[in-house]
Amino acid sequence: MHRLYLCYCYQLGILPKKQQPRINRPELERIWKDTERILAEHAFVHDHKFPSVQAIEDYRKGLSQQIETLAVQRAEIAKQMRRKDAPPELADHRAVLTCKIAELRKEDKIAEGAIKRIQRTRESNRIDRENQEQHTNHTRRRDRSRQR
């Protein structure tokens with residue numbers, strides 16, 4: 001009886017016939033962030049014209065050395081700021097160093113993402129080639145068996 005009631009409600013249009021598509025806002029935001037990150041990685045690799053993954057890794061090593069150097073300088077300035085007779089421009093200099101370190105870390109993160117993306121793409125291409133070879137070998141065997 002309940003099923004018959006639901007059938008009549010459906011035919012009268014009381015129950016929805018099709019679910020209306022809903023926009024999943026968090027999903028769209030995640031896709032948008034991924035797209036921005038991918039574009040940043042492509043722009044980074046294109047702007048620096050890296051010939052290989054090894055060149056990107058070498059660049060990252062240089063970035064890490066720069067970050068360490070700036071961090072040591074910033075620590076020294078922070079130590080000087082603890083004194084009573086410290087000049088006020090030290091705080092501005094420390095803020096500038098902090099901004100430079102943040103920019104370098106952001107660039108390092110983009111470079112790391114680019115390396116990972118290149119490696120994933122190479123692995124995916126390798127798997128695709130292997131699957132393609134297996135598929136062509138399978139069709140060749142099938143064609144040979146048909147010819148016999």
# chains A, B, ... in the order shown; residues from 1 in each chain; ligands from 1
$ residues_around --residues "A:Tyr59" --least-positions-apart "4" --cutoff "12 Å" --atoms "only C-alpha atoms" --output "PyMOL selection string"
chain A and resi 44-45+48-55+63-66+104+107-112+115
$ select_by_dssp --residues "chain A" --states "helix (DSSP H, G or I)" --output "MDAnalysis selection string"
chainID A and resid 2:12 25:48 53:81 89:147
$ atom_distance --atom1 "atom CA of A:Ile14" --atom2 "atom CA of A:His2"
14.8 Å
$ closest_atom_pairs --of "stretch 37-79 of chain A" --to "stretch 83-98 of chain A" --cutoff "10 Å" --atoms "only C-alpha atoms" --output "JSON lines"
{"residue": "A:Ile67", "atom": "CA", "partner": "A:Leu97", "partner_atom": "CA", "distance": 9.6}
{"residue": "A:Leu70", "atom": "CA", "partner": "A:Leu97", "partner_atom": "CA", "distance": 6.5}
{"residue": "A:Ala71", "atom": "CA", "partner": "A:Leu97", "partner_atom": "CA", "distance": 7.8}
{"residue": "A:Gln73", "atom": "CA", "partner": "A:Leu97", "partner_atom": "CA", "distance": 8.0}
{"residue": "A:Arg74", "atom": "CA", "partner": "A:Arg94", "partner_atom": "CA", "distance": 5.7}
{"residue": "A:Ala75", "atom": "CA", "partner": "A:Arg94", "partner_atom": "CA", "distance": 8.6}
{"residue": "A:Glu76", "atom": "CA", "partner": "A:Arg94", "partner_atom": "CA", "distance": 9.4}
{"residue": "A:Ile77", "atom": "CA", "partner": "A:Arg94", "partner_atom": "CA", "distance": 6.5}
{"residue": "A:Ala78", "atom": "CA", "partner": "A:Arg94", "partner_atom": "CA", "distance": 7.3}
{"residue": "A:Lys79", "atom": "CA", "partner": "A:Arg83", "partner_atom": "CA", "distance": 7.6}
$ atom_distance --atom1 "atom CA of A:Ala40" --atom2 "atom CA of A:Ala114"
9.0 Å
$ atom_distance --atom1 "atom CA of A:Asp58" --atom2 "atom CA of A:Cys99"
22.8 Å
